[in-house]
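Structure data follow from structure_35.cif (mmCIF, C-alpha atoms and all ligand atoms):
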```
data_protein
#
loop_
_atom_site.label_atom_id
_atom_site.label_comp_id
_atom_site.auth_asym_id
_atom_site.auth_seq_id
_atom_site.Cartn_x
_atom_site.Cartn_y
_atom_site.Cartn_z
CA MET A 1 37.51 -50.16 23.00
CA ALA A 2 37.74 -47.40 20.37
CA GLU A 3 34.35 -45.77 19.70
CA SER A 4 33.33 -46.21 16.05
CA ARG A 5 32.91 -42.95 14.18
CA PRO A 6 29.62 -42.04 12.46
CA ARG A 7 29.52 -43.07 8.81
CA VAL A 8 28.79 -40.45 6.15
CA TRP A 9 28.10 -41.04 2.47
CA VAL A 10 29.27 -38.67 -0.27
CA SER A 11 27.18 -39.40 -3.37
CA GLN A 12 29.38 -37.95 -6.14
CA PRO A 13 33.01 -36.94 -6.65
CA LEU A 14 33.17 -33.33 -5.42
CA PHE A 15 36.37 -31.48 -4.42
CA ASP A 16 38.63 -33.89 -2.49
CA ASP A 17 40.33 -31.19 -0.43
CA LEU A 18 36.95 -29.86 0.78
CA VAL A 19 35.26 -33.22 1.29
CA GLY A 20 38.42 -34.31 3.13
CA ARG A 21 37.37 -32.08 6.06
CA LEU A 22 34.65 -34.61 6.83
CA ALA A 23 37.29 -37.26 7.59
CA VAL A 24 38.34 -35.37 10.72
CA HIS A 25 35.05 -36.37 12.32
CA PHE A 26 33.52 -39.20 10.33
CA ASP A 27 34.09 -42.48 8.56
CA VAL A 28 33.66 -41.18 4.99
CA HIS A 29 32.37 -43.38 2.16
CA ALA A 30 32.83 -41.28 -0.98
CA THR A 31 31.85 -42.15 -4.54
CA ASP A 32 34.93 -41.98 -6.80
CA VAL A 33 33.32 -41.65 -10.22
CA VAL A 34 30.21 -39.80 -11.38
CA THR A 35 27.43 -42.32 -10.75
CA GLU A 36 23.73 -42.50 -11.46
CA HIS A 37 22.59 -44.11 -8.22
CA SER A 38 19.38 -46.13 -8.40
CA PRO A 39 16.83 -45.58 -5.60
CA ALA A 40 17.84 -48.98 -4.19
CA ALA A 41 21.54 -48.05 -4.27
CA ILE A 42 20.77 -44.83 -2.38
CA THR A 43 18.81 -46.78 0.23
CA GLU A 44 21.75 -49.15 0.61
CA ALA A 45 24.30 -46.30 0.85
CA LEU A 46 22.25 -44.57 3.55
CA ARG A 47 21.37 -47.72 5.51
CA ASP A 48 24.17 -47.42 8.06
CA SER A 49 24.90 -43.73 7.54
CA ALA A 50 24.47 -40.91 10.04
CA GLY A 51 24.71 -38.30 7.31
CA ALA A 52 25.17 -37.72 3.60
CA LEU A 53 26.43 -35.10 1.20
CA VAL A 54 24.25 -35.36 -1.91
CA THR A 55 23.56 -33.52 -5.16
CA LEU A 56 20.27 -32.83 -6.89
CA ASN A 57 20.62 -36.15 -8.73
CA GLU A 58 20.00 -38.19 -5.60
CA LYS A 59 16.33 -38.39 -4.67
CA ILE A 60 15.75 -39.04 -1.00
CA GLY A 61 12.22 -39.95 0.00
CA ALA A 62 10.22 -42.20 2.25
CA PRO A 63 11.84 -45.56 1.24
CA GLN A 64 15.37 -44.23 1.80
CA ILE A 65 14.38 -42.67 5.13
CA ALA A 66 12.62 -45.85 6.30
CA GLY A 67 15.72 -47.86 5.45
CA ALA A 68 18.12 -45.62 7.37
CA PRO A 69 17.25 -45.61 11.08
CA GLY A 70 20.53 -43.92 12.05
CA LEU A 71 20.29 -41.09 9.52
CA ARG A 72 20.48 -37.65 11.13
CA ALA A 73 21.45 -35.19 8.38
CA ILE A 74 21.38 -34.70 4.61
CA ALA A 75 23.48 -31.86 3.20
CA ASN A 76 22.36 -31.00 -0.33
CA VAL A 77 24.96 -29.38 -2.59
CA GLY A 78 22.56 -27.00 -4.33
CA VAL A 79 20.14 -24.25 -3.48
CA GLY A 80 17.11 -26.12 -4.87
CA TYR A 81 16.16 -29.19 -2.85
CA ASN A 82 13.20 -30.69 -4.66
CA ASN A 83 15.19 -33.96 -4.72
CA LEU A 84 14.52 -34.24 -0.96
CA ASP A 85 11.21 -35.13 0.65
CA VAL A 86 11.58 -32.45 3.31
CA PRO A 87 8.33 -33.16 5.23
CA ALA A 88 9.34 -36.84 5.52
CA LEU A 89 12.87 -35.91 6.64
CA THR A 90 11.48 -33.48 9.22
CA ALA A 91 9.01 -36.07 10.51
CA ALA A 92 11.93 -38.47 10.98
CA GLY A 93 13.97 -35.79 12.79
CA ILE A 94 16.57 -35.66 9.99
CA VAL A 95 18.11 -32.25 9.32
CA ALA A 96 18.25 -31.15 5.67
CA THR A 97 20.47 -28.29 4.49
CA ASN A 98 21.08 -26.51 1.16
CA THR A 99 23.59 -24.00 -0.24
CA PRO A 100 21.90 -20.62 -0.76
CA ASP A 101 23.66 -17.24 -1.15
CA VAL A 102 27.06 -18.54 -2.26
CA LEU A 103 25.72 -19.17 -5.78
CA THR A 104 23.44 -16.15 -6.18
CA GLU A 105 25.63 -13.84 -8.25
CA THR A 106 27.17 -16.61 -10.38
CA THR A 107 23.71 -17.96 -11.21
CA ALA A 108 22.37 -14.49 -11.98
CA ASP A 109 25.39 -13.92 -14.30
CA PHE A 110 24.54 -17.14 -16.10
CA GLY A 111 20.82 -16.36 -16.34
CA PHE A 112 21.72 -13.09 -18.00
CA ALA A 113 24.26 -14.75 -20.30
CA LEU A 114 21.66 -17.32 -21.38
CA LEU A 115 19.15 -14.54 -21.98
CA MET A 116 21.63 -12.64 -24.18
CA ALA A 117 22.71 -15.76 -26.06
CA THR A 118 19.06 -16.61 -26.73
CA ALA A 119 17.82 -13.16 -27.71
CA ARG A 120 20.87 -12.46 -29.92
CA ARG A 121 21.04 -16.01 -31.36
CA ILE A 122 24.71 -16.43 -30.40
CA THR A 123 24.98 -20.23 -30.37
CA GLU A 124 22.89 -20.51 -33.53
CA ALA A 125 25.18 -17.99 -35.24
CA GLU A 126 28.30 -19.88 -34.21
CA ARG A 127 26.88 -23.17 -35.48
CA TRP A 128 25.95 -21.50 -38.79
CA LEU A 129 29.46 -20.09 -39.18
CA ARG A 130 31.19 -23.38 -38.29
CA GLU A 131 28.97 -25.20 -40.78
CA GLY A 132 30.49 -23.00 -43.50
CA GLN A 133 27.26 -21.19 -44.25
CA TRP A 134 28.86 -17.73 -44.09
CA GLN A 135 29.48 -17.32 -47.81
CA GLN A 136 28.42 -13.71 -48.04
CA TRP A 137 27.72 -11.00 -45.48
CA SER A 138 24.07 -10.06 -45.55
CA PHE A 139 22.30 -7.23 -43.79
CA SER A 140 19.54 -9.46 -42.51
CA THR A 141 21.59 -12.41 -41.28
CA LEU A 142 20.53 -13.78 -37.88
CA LEU A 143 18.47 -10.83 -36.71
CA GLY A 144 17.74 -11.05 -33.01
CA ALA A 145 15.89 -9.13 -30.33
CA ASP A 146 17.26 -6.26 -28.24
CA LEU A 147 17.64 -6.39 -24.51
CA HIS A 148 18.13 -2.65 -23.96
CA GLY A 149 14.85 -0.81 -23.97
CA SER A 150 12.84 -4.02 -23.70
CA THR A 151 10.66 -5.40 -20.89
CA LEU A 152 12.00 -8.28 -18.82
CA GLY A 153 9.61 -10.45 -16.79
CA ILE A 154 11.18 -12.36 -13.91
CA VAL A 155 9.10 -15.18 -12.42
CA GLY A 156 10.45 -15.97 -8.93
CA MET A 157 11.99 -12.95 -7.25
CA GLY A 158 14.22 -14.55 -4.64
CA ARG A 159 17.92 -13.79 -4.34
CA ILE A 160 18.78 -14.94 -7.88
CA GLY A 161 15.78 -13.20 -9.45
CA GLN A 162 16.79 -9.99 -7.73
CA GLY A 163 20.36 -10.41 -9.03
CA ILE A 164 19.01 -10.71 -12.58
CA ALA A 165 16.85 -7.61 -12.05
CA ARG A 166 19.87 -5.58 -10.94
CA ARG A 167 21.76 -6.67 -14.07
CA ALA A 168 18.76 -5.82 -16.27
CA ARG A 169 18.65 -2.37 -14.80
CA GLY A 170 22.22 -1.79 -15.99
CA PHE A 171 21.07 -2.80 -19.48
CA GLY A 172 18.30 -0.21 -19.52
CA MET A 173 15.49 -2.74 -19.33
CA ARG A 174 12.09 -2.26 -17.74
CA VAL A 175 11.69 -5.03 -15.16
CA LEU A 176 8.46 -6.71 -14.09
CA TYR A 177 8.44 -9.54 -11.57
CA HIS A 178 5.97 -12.10 -10.33
CA ASN A 179 6.45 -13.83 -6.99
CA ARG A 180 4.43 -15.69 -4.36
CA SER A 181 4.53 -12.54 -2.28
CA ARG A 182 5.20 -8.97 -3.21
CA LEU A 183 8.61 -7.63 -2.15
CA PRO A 184 9.02 -4.68 0.22
CA ASP A 185 9.09 -1.29 -1.55
CA THR A 186 12.76 -0.82 -0.68
CA VAL A 187 13.74 -4.07 -2.45
CA GLU A 188 11.54 -3.27 -5.46
CA HIS A 189 13.22 0.11 -5.64
CA GLU A 190 16.73 -1.30 -5.31
CA CYS A 191 16.04 -3.81 -8.11
CA GLY A 192 14.14 -1.28 -10.22
CA ALA A 193 11.37 -3.87 -10.55
CA SER A 194 7.56 -3.63 -10.46
CA TYR A 195 5.19 -6.38 -9.37
CA ALA A 196 2.84 -7.85 -12.00
CA GLY A 197 0.29 -10.65 -12.03
CA PHE A 198 1.54 -13.77 -13.84
CA ASP A 199 -0.69 -13.35 -16.92
CA ASP A 200 0.04 -9.64 -17.10
CA LEU A 201 3.79 -10.31 -16.96
CA LEU A 202 3.52 -12.90 -19.74
CA ALA A 203 1.57 -10.49 -21.92
CA GLN A 204 3.88 -7.51 -21.41
CA ALA A 205 7.36 -9.06 -21.34
CA ASP A 206 9.68 -9.22 -24.33
CA HIS A 207 11.82 -11.67 -22.36
CA VAL A 208 10.71 -13.98 -19.54
CA VAL A 209 13.17 -15.60 -17.13
CA LEU A 210 12.06 -18.39 -14.78
CA VAL A 211 13.93 -18.50 -11.44
CA LEU A 212 11.30 -19.89 -9.06
CA PRO A 213 11.75 -22.96 -6.84
CA TYR A 214 10.10 -26.16 -8.06
CA SER A 215 7.13 -27.57 -6.16
CA PRO A 216 4.23 -29.72 -7.39
CA GLN A 217 2.09 -26.53 -7.36
CA VAL A 218 4.19 -25.02 -10.18
CA HIS A 219 4.51 -28.19 -12.27
CA HIS A 220 4.03 -27.11 -15.93
CA LEU A 221 3.23 -23.55 -14.84
CA VAL A 222 4.41 -22.58 -18.30
CA ASP A 223 2.11 -24.74 -20.41
CA ALA A 224 0.47 -24.21 -23.80
CA SER A 225 -2.01 -21.71 -22.38
CA ALA A 226 0.73 -19.66 -20.65
CA LEU A 227 2.84 -19.70 -23.83
CA ALA A 228 -0.17 -18.47 -25.81
CA LYS A 229 -0.30 -15.39 -23.55
CA MET A 230 3.28 -14.41 -24.45
CA LYS A 231 4.26 -12.21 -27.39
CA SER A 232 5.19 -14.26 -30.45
CA THR A 233 8.44 -12.24 -30.56
CA ALA A 234 9.33 -13.13 -26.95
CA THR A 235 12.20 -15.12 -25.45
CA LEU A 236 11.76 -17.62 -22.59
CA VAL A 237 14.69 -18.59 -20.35
CA ASN A 238 14.50 -21.35 -17.73
CA ILE A 239 17.26 -21.66 -15.11
CA ALA A 240 14.91 -22.96 -12.40
CA ARG A 241 13.78 -26.59 -12.84
CA GLY A 242 12.69 -28.48 -15.93
CA GLY A 243 9.31 -29.52 -14.58
CA ILE A 244 8.12 -25.91 -14.48
CA VAL A 245 7.85 -25.84 -18.29
CA ASP A 246 5.76 -28.20 -20.43
CA GLU A 247 8.57 -28.98 -22.89
CA VAL A 248 6.26 -30.53 -25.50
CA ALA A 249 4.15 -27.36 -25.60
CA LEU A 250 7.33 -25.25 -25.66
CA ALA A 251 8.86 -27.17 -28.57
CA ASP A 252 5.56 -26.86 -30.44
CA ALA A 253 5.39 -23.07 -29.85
CA LEU A 254 9.03 -22.64 -30.97
CA ALA A 255 8.53 -24.76 -34.08
CA ASN A 256 5.36 -22.95 -35.08
CA GLY A 257 6.49 -19.35 -34.61
CA ARG A 258 4.31 -18.74 -31.56
CA LEU A 259 7.45 -17.96 -29.54
CA ALA A 260 10.69 -16.56 -30.97
CA ALA A 261 13.31 -18.35 -28.89
CA ALA A 262 14.08 -20.19 -25.66
CA GLY A 263 17.17 -20.73 -23.51
CA LEU A 264 17.11 -23.78 -21.27
CA ASP A 265 19.59 -24.86 -18.62
CA VAL A 266 17.23 -27.37 -16.95
CA TYR A 267 15.06 -30.19 -18.29
CA GLU A 268 12.26 -32.34 -16.97
CA GLY A 269 14.08 -35.63 -17.62
CA GLU A 270 17.66 -34.40 -17.39
CA PRO A 271 20.23 -35.49 -18.38
CA ALA A 272 17.93 -36.60 -21.21
CA VAL A 273 16.83 -33.75 -23.50
CA ARG A 274 13.74 -34.15 -25.68
CA PRO A 275 14.53 -34.80 -29.37
CA GLU A 276 11.92 -32.16 -30.29
CA LEU A 277 14.05 -29.53 -28.53
CA LEU A 278 17.35 -30.85 -29.91
CA ALA A 279 15.96 -30.51 -33.43
CA LEU A 280 15.13 -26.80 -33.11
CA ARG A 281 17.53 -24.03 -34.08
CA ASN A 282 15.83 -21.34 -31.96
CA VAL A 283 16.60 -22.83 -28.56
CA VAL A 284 19.88 -22.52 -26.66
CA LEU A 285 20.53 -25.66 -24.60
CA THR A 286 23.01 -25.87 -21.74
CA PRO A 287 23.56 -28.80 -19.32
CA HIS A 288 22.42 -27.42 -15.93
CA ILE A 289 25.51 -25.27 -15.37
CA ALA A 290 24.08 -22.00 -14.04
CA SER A 291 26.13 -22.15 -10.83
CA ALA A 292 29.16 -23.75 -12.48
CA SER A 293 32.04 -21.37 -11.92
CA LEU A 294 34.96 -23.01 -10.16
CA ALA A 295 34.87 -20.59 -7.23
CA THR A 296 31.12 -20.98 -6.72
CA ARG A 297 31.02 -24.75 -7.05
CA ARG A 298 33.82 -24.90 -4.45
CA ALA A 299 31.92 -22.50 -2.17
CA MET A 300 28.81 -24.70 -2.47
CA VAL A 301 30.70 -27.85 -1.47
CA SER A 302 32.44 -26.03 1.36
CA LEU A 303 29.12 -24.78 2.75
CA ALA A 304 27.57 -28.23 2.42
CA VAL A 305 30.51 -29.76 4.31
CA ASP A 306 30.13 -27.13 7.08
CA ASN A 307 26.42 -27.91 7.21
CA LEU A 308 26.97 -31.65 7.53
CA ILE A 309 29.64 -31.36 10.23
CA ALA A 310 27.47 -28.99 12.28
CA ALA A 311 24.21 -30.90 11.74
CA LEU A 312 25.88 -34.07 13.01
CA GLY A 313 26.91 -32.23 16.17
CA GLU A 314 30.61 -31.72 15.42
CA GLY A 315 32.90 -28.73 14.85
CA PRO A 316 32.65 -25.17 16.15
CA ASP A 317 29.00 -24.79 15.05
CA ALA A 318 27.84 -28.14 16.46
CA GLY A 319 24.04 -28.29 16.31
CA ARG A 320 23.84 -25.04 14.32
CA PRO A 321 24.28 -25.81 10.60
CA PRO A 322 24.55 -22.48 8.72
CA THR A 323 21.72 -23.08 6.22
CA PRO A 324 19.09 -25.61 7.34
CA VAL A 325 15.93 -25.97 5.27
CA ASN A 326 13.97 -27.66 8.05
CA PRO A 327 15.00 -25.94 11.29
CA ASP A 328 12.27 -27.92 13.08
CA ALA A 329 14.36 -31.05 12.74
CA LEU A 330 17.26 -29.36 14.51
CA ALA A 331 15.62 -29.91 17.89
CA ALA A 332 16.31 -33.64 17.59
CA THR A 333 19.96 -33.05 16.65
CA ALA A 334 20.34 -30.53 19.48
CA GLY A 335 19.33 -33.25 21.93
CA ILE A 336 22.03 -35.56 20.58
CA THR A 337 24.63 -32.76 20.61
CA ILE A 338 23.91 -31.88 24.24
CA ALA A 339 23.99 -35.55 25.24
CA LYS A 340 27.32 -35.92 23.44
CA ARG A 341 28.80 -32.88 25.16
CA GLN A 342 27.70 -34.38 28.47
CA GLY A 343 29.60 -37.53 27.55
CA ALA A 344 26.54 -39.74 27.01
C1 LIG A 401 21.01 -25.92 -8.96
O1 LIG A 401 20.14 -26.09 -9.76
C2 LIG A 401 20.80 -25.64 -7.59
O2 LIG A 401 19.64 -25.77 -7.14
O3 LIG A 401 21.75 -25.30 -6.90
#
```
Kindly present the structure from the file in structure tokens form.
Ligand code: GLV
Amino acid sequence: MAESRPRVWVSQPLFDDLVGRLAVHFDVHATDVVTEHSPAAITEALRDSAGALVTLNEKIGAPQIAGAPGLRAIANVGVGYNNLDVPALTAAGIVATNTPDVLTETTADFGFALLMATARRITEAERWLREGQWQQWSFSTLLGADLHGSTLGIVGMGRIGQGIARRARGFGMRVLYHNRSRLPDTVEHECGASYAGFDDLLAQADHVVLVLPYSPQVHHLVDASALAKMKSTATLVNIARGGIVDEVALADALANGRLAAAGLDVYEGEPAVRPELLALRNVVLTPHIASASLATRRAMVSLAVDNLIAALGEGPDAGRPPTPVNPDALAATAGITIAKRQGA
């Protein structure tokens, strides 16, 4: 009797040619149209699955794990993985993977683009022009803030933060960074960046960019009191996760001239954006697209597919997914892989 192949769930339409590689090994159940899956729908989709390819929109926690006794691997298409309850996955012996590195430079490009658009009021200027308000050229129209010669504060100095620092160096900016741990001297030197305490960075920076991973410990790190420490002429850019900024306090600071401008790619309740933010002219709003170049989004899916195949004990890297986030859980998969190789 033919052995049934492990079932894998693909939560969103990705790139068919890349996702198609899963079909060599697995019985693939892919979602054809962009779908907002309810928690119950995710539980149902995972119930008989051995693995899943998911995006940051699918939250996988204790109820989903409890309902999926055969689940062995979750491949997240994204570098951030706060949609996954990693301790619960690890406790259940389920491997979780993400897609670091392949998106670093594209995301740093975007962070810098959002910073420039915000400081130089580019989207506001375009809207003004399209609305027919350009009746007369005036010397003081849409005055913005310079990047060159200014101080940039980067909060979260991982790979993407370092990429932004390298770009800032080319723009003649002074770069401060704040991070959980201080970087080695060689990396600081290469990035041209100096370590600063969080409050010190907020007080000194003309522009602040948030690139740190989300965890409950940094929920609303940038709240009313943090915003009050910033210069009233400063720019704040968030390409990390919405929950890091208290959006009500931010909208209030922007509306009342306590902060000059903000650029946001991420939101606490995305895809919903607060009406208070939508109503402001001094905030640039983009729909979570920092890694969205065609080449990079393809590279992310390709890496996630490699991760899933390997984590489920198939392919040339069986048992060794390239980018696990919970290597501890690999021990369980390794056991299955060895048993499989031995024909069990
Ligand atoms: C996007 O936000 C990602 O984490 O990859």
**Study point:** Selection near segment 42-51 of chain A, 6 Å with only C-alpha atoms, sequence-local residues under 5 positions removed, as a PyMOL selection string
**Key:** chain A and resi 6-8+64+67-68+70-74
List as a compact mmCIF listing (two decimals) with C-alpha atoms, in the frame of the given file the protein and nucleic acid residues lying within 6 Å of ligand LIG 401 (chain A), with all atoms listed in the file counted.
```
# COMPACT_ATOMS: atom_id res chain seq x y z
CA GLY A 78 22.56 -27.00 -4.33
CA VAL A 79 20.14 -24.25 -3.48
CA GLY A 80 17.11 -26.12 -4.87
```
Please provide as an mmCIF file with C-alpha atoms, in the frame of the given file all residues within 9 Å of Phe112 of chain A, with the sequence filter that same-chain residues fewer than 5 positions apart are discarded (counting all atoms listed in the file).
```cif
data_model
loop_
_atom_site.group_PDB
_atom_site.id
_atom_site.type_symbol
_atom_site.label_atom_id
_atom_site.label_comp_id
_atom_site.auth_asym_id
_atom_site.auth_seq_id
_atom_site.Cartn_x
_atom_site.Cartn_y
_atom_site.Cartn_z
ATOM 1 C CA THR A 107 23.710 -17.960 -11.210
ATOM 2 C CA ALA A 117 22.710 -15.760 -26.060
ATOM 3 C CA ILE A 164 19.010 -10.710 -12.580
ATOM 4 C CA ARG A 167 21.760 -6.670 -14.070
ATOM 5 C CA ALA A 168 18.760 -5.820 -16.270
ATOM 6 C CA VAL A 209 13.170 -15.600 -17.130
#
```
**Study point:** Distance of atom CA of Ile160 of chain A from atom CA of Leu114 of chain A, expressed in Å to one decimal place
**Key:** 14.0 Å
Exercise for review: Would you mind telling me which residue in A:Val54, A:Ala205, A:Leu236, A:Ala96 lies nearest to Pro321 of chain A when using all atoms listed in the file?
Suggested key: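 Between A:Val54, A:Ala205, A:Leu236, A:Ala96, the residue approaching Pro321 of chain A most closely is A:Ala96.
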Review point. Which neighbours of His219 of chain A fall inside 12 Å, counting only C-alpha atoms, when residues of the same chain fewer than 6 positions from it are skipped, and could you give them as a PyMOL selection string?
Key: chain A and resi 82+212-213+240-247+268
Review point. Contacts of Phe171 of chain A at 10 Å or less, counting only C-alpha atoms, minus same-chain residues fewer than 5 places along, as number ranges by chain?
Key: A: 147-150, 165-166
**Study point:** Polymer residues at most 10 Å from Asn326 of chain A, all atoms listed in the file, same-chain spacing of 2 or more positions, as a ChimeraX atom specification
**Key:** /A:86-87,89-90,93-98,323-324,328-330
Check your understanding: Counting all atoms listed in the file, which of A:Ala66, A:Val102, A:His37, A:Val24 gets nearest to Met300 of chain A?
Key -> A:Val102
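Among the candidates A:Pro275, A:Gly61, A:Gly197, A:Gly269, the one nearest to Gly156 of chain A when counting all atoms listed in the file is A:Gly197.
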Practice item. Go through A:Ala234, A:Leu280, A:Val33, A:Ala272 and flag the residue nearest Asp252 of chain A, using only C-alpha atoms for the distances. Key: A:Leu280
Exercise for review: Place a sphere of radius 10 Å on (6.1, -29.0, -25.0) in the file coordinates and name every protein, DNA or RNA residue with an atom inside or on its surface, counting all atoms listed in the file; give the answer as a list of chain:residue names.
Suggested key: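 Selection result: A:His220, A:Val222, A:Asp223, A:Ala224, A:Leu227, A:Val245, A:Asp246, A:Glu247, A:Val248, A:Ala249, A:Leu250, A:Ala251, A:Asp252, A:Ala253, A:Leu254, A:Arg274, A:Glu276, A:Leu277.
If you look at atom CA of Thr296 of chain A and atom CA of Asp101 of chain A, they are 10.0 Å away from each other.
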Taking all atoms of segment 77-94 of chain A that the file lists and extending 8 Å past them on each side, where is the centre of the axis-aligned box and how long are its edges? Answer in Å to one decimal, as lines of an AutoDock Vina configuration file.
```
center_x = 16.6
center_y = -31.4
center_z = 4.0
size_x = 32.6
size_y = 30.2
size_z = 33.7
```
Point to revise | Among listed residues A:Pro13, A:Pro63, A:Gly263, A:Pro322, nearest Ala290 of chain A (using all atoms listed in the file) | key: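 So, comparing all the options, the nearest one is A:Gly263.
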Exercise for review: Pick out the closest residue to Val28 of chain A from this set: A:Pro216, A:Asp317, A:Leu308, A:Trp128. Count only C-alpha atoms.
Suggested key: A:Leu308
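Here atom CA of Glu270 of chain A is placed at a distance of 8.4 Å from atom CA of Pro287 of chain A.
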Check your understanding: List as number ranges by chain: which residues have an atom within 12 Å of (22.5, -18.1, -26.6), counting all atoms listed in the file?
Key -> A: 110-127, 144-145, 235-237, 261-265, 281-286
For segment 197-215 of chain A, supply N, CA and C atoms and format the output as an mmCIF file, keeping the file's coordinate frame.
```
data_model
loop_
_atom_site.group_PDB
_atom_site.id
_atom_site.type_symbol
_atom_site.label_atom_id
_atom_site.label_comp_id
_atom_site.auth_asym_id
_atom_site.auth_seq_id
_atom_site.Cartn_x
_atom_site.Cartn_y
_atom_site.Cartn_z
ATOM 1 N N GLY A 197 0.932 -9.334 -12.064
ATOM 2 C CA GLY A 197 0.290 -10.650 -12.030
ATOM 3 C C GLY A 197 0.957 -11.533 -13.091
ATOM 4 N N PHE A 198 0.829 -12.847 -12.932
ATOM 5 C CA PHE A 198 1.540 -13.770 -13.840
ATOM 6 C C PHE A 198 1.114 -13.544 -15.300
ATOM 7 N N ASP A 199 -0.205 -13.499 -15.544
ATOM 8 C CA ASP A 199 -0.690 -13.350 -16.920
ATOM 9 C C ASP A 199 -0.282 -11.997 -17.506
ATOM 10 N N ASP A 200 -0.332 -10.988 -16.667
ATOM 11 C CA ASP A 200 0.040 -9.640 -17.100
ATOM 12 C C ASP A 200 1.516 -9.601 -17.494
ATOM 13 N N LEU A 201 2.345 -10.250 -16.665
ATOM 14 C CA LEU A 201 3.790 -10.310 -16.960
ATOM 15 C C LEU A 201 4.019 -11.023 -18.297
ATOM 16 N N LEU A 202 3.336 -12.152 -18.485
ATOM 17 C CA LEU A 202 3.520 -12.900 -19.740
ATOM 18 C C LEU A 202 3.131 -12.043 -20.944
ATOM 19 N N ALA A 203 2.066 -11.278 -20.785
ATOM 20 C CA ALA A 203 1.570 -10.490 -21.920
ATOM 21 C C ALA A 203 2.488 -9.305 -22.234
ATOM 22 N N GLN A 204 3.096 -8.743 -21.199
ATOM 23 C CA GLN A 204 3.880 -7.510 -21.410
ATOM 24 C C GLN A 204 5.348 -7.754 -21.729
ATOM 25 N N ALA A 205 5.895 -8.884 -21.273
ATOM 26 C CA ALA A 205 7.360 -9.060 -21.340
ATOM 27 C C ALA A 205 7.842 -9.389 -22.749
ATOM 28 N N ASP A 206 8.989 -8.827 -23.096
ATOM 29 C CA ASP A 206 9.680 -9.220 -24.330
ATOM 30 C C ASP A 206 10.569 -10.437 -24.043
ATOM 31 N N HIS A 207 10.972 -10.553 -22.778
ATOM 32 C CA HIS A 207 11.820 -11.670 -22.360
ATOM 33 C C HIS A 207 11.317 -12.138 -20.996
ATOM 34 N N VAL A 208 11.158 -13.439 -20.831
ATOM 35 C CA VAL A 208 10.710 -13.980 -19.540
ATOM 36 C C VAL A 208 11.787 -14.916 -19.012
ATOM 37 N N VAL A 209 12.184 -14.716 -17.750
ATOM 38 C CA VAL A 209 13.170 -15.600 -17.130
ATOM 39 C C VAL A 209 12.515 -16.292 -15.933
ATOM 40 N N LEU A 210 12.633 -17.618 -15.884
ATOM 41 C CA LEU A 210 12.060 -18.390 -14.780
ATOM 42 C C LEU A 210 13.155 -18.706 -13.758
ATOM 43 N N VAL A 211 12.932 -18.282 -12.500
ATOM 44 C CA VAL A 211 13.930 -18.500 -11.440
ATOM 45 C C VAL A 211 13.232 -18.948 -10.164
ATOM 46 N N LEU A 212 12.052 -19.545 -10.278
ATOM 47 C CA LEU A 212 11.300 -19.890 -9.060
ATOM 48 C C LEU A 212 11.630 -21.308 -8.603
ATOM 49 N N PRO A 213 11.492 -21.595 -7.305
ATOM 50 C CA PRO A 213 11.750 -22.960 -6.840
ATOM 51 C C PRO A 213 10.677 -23.920 -7.365
ATOM 52 N N TYR A 214 11.080 -25.167 -7.608
ATOM 53 C CA TYR A 214 10.100 -26.160 -8.060
ATOM 54 C C TYR A 214 9.286 -26.699 -6.889
ATOM 55 N N SER A 215 7.996 -26.827 -7.087
ATOM 56 C CA SER A 215 7.130 -27.570 -6.160
ATOM 57 C C SER A 215 6.024 -28.148 -7.025
#
```
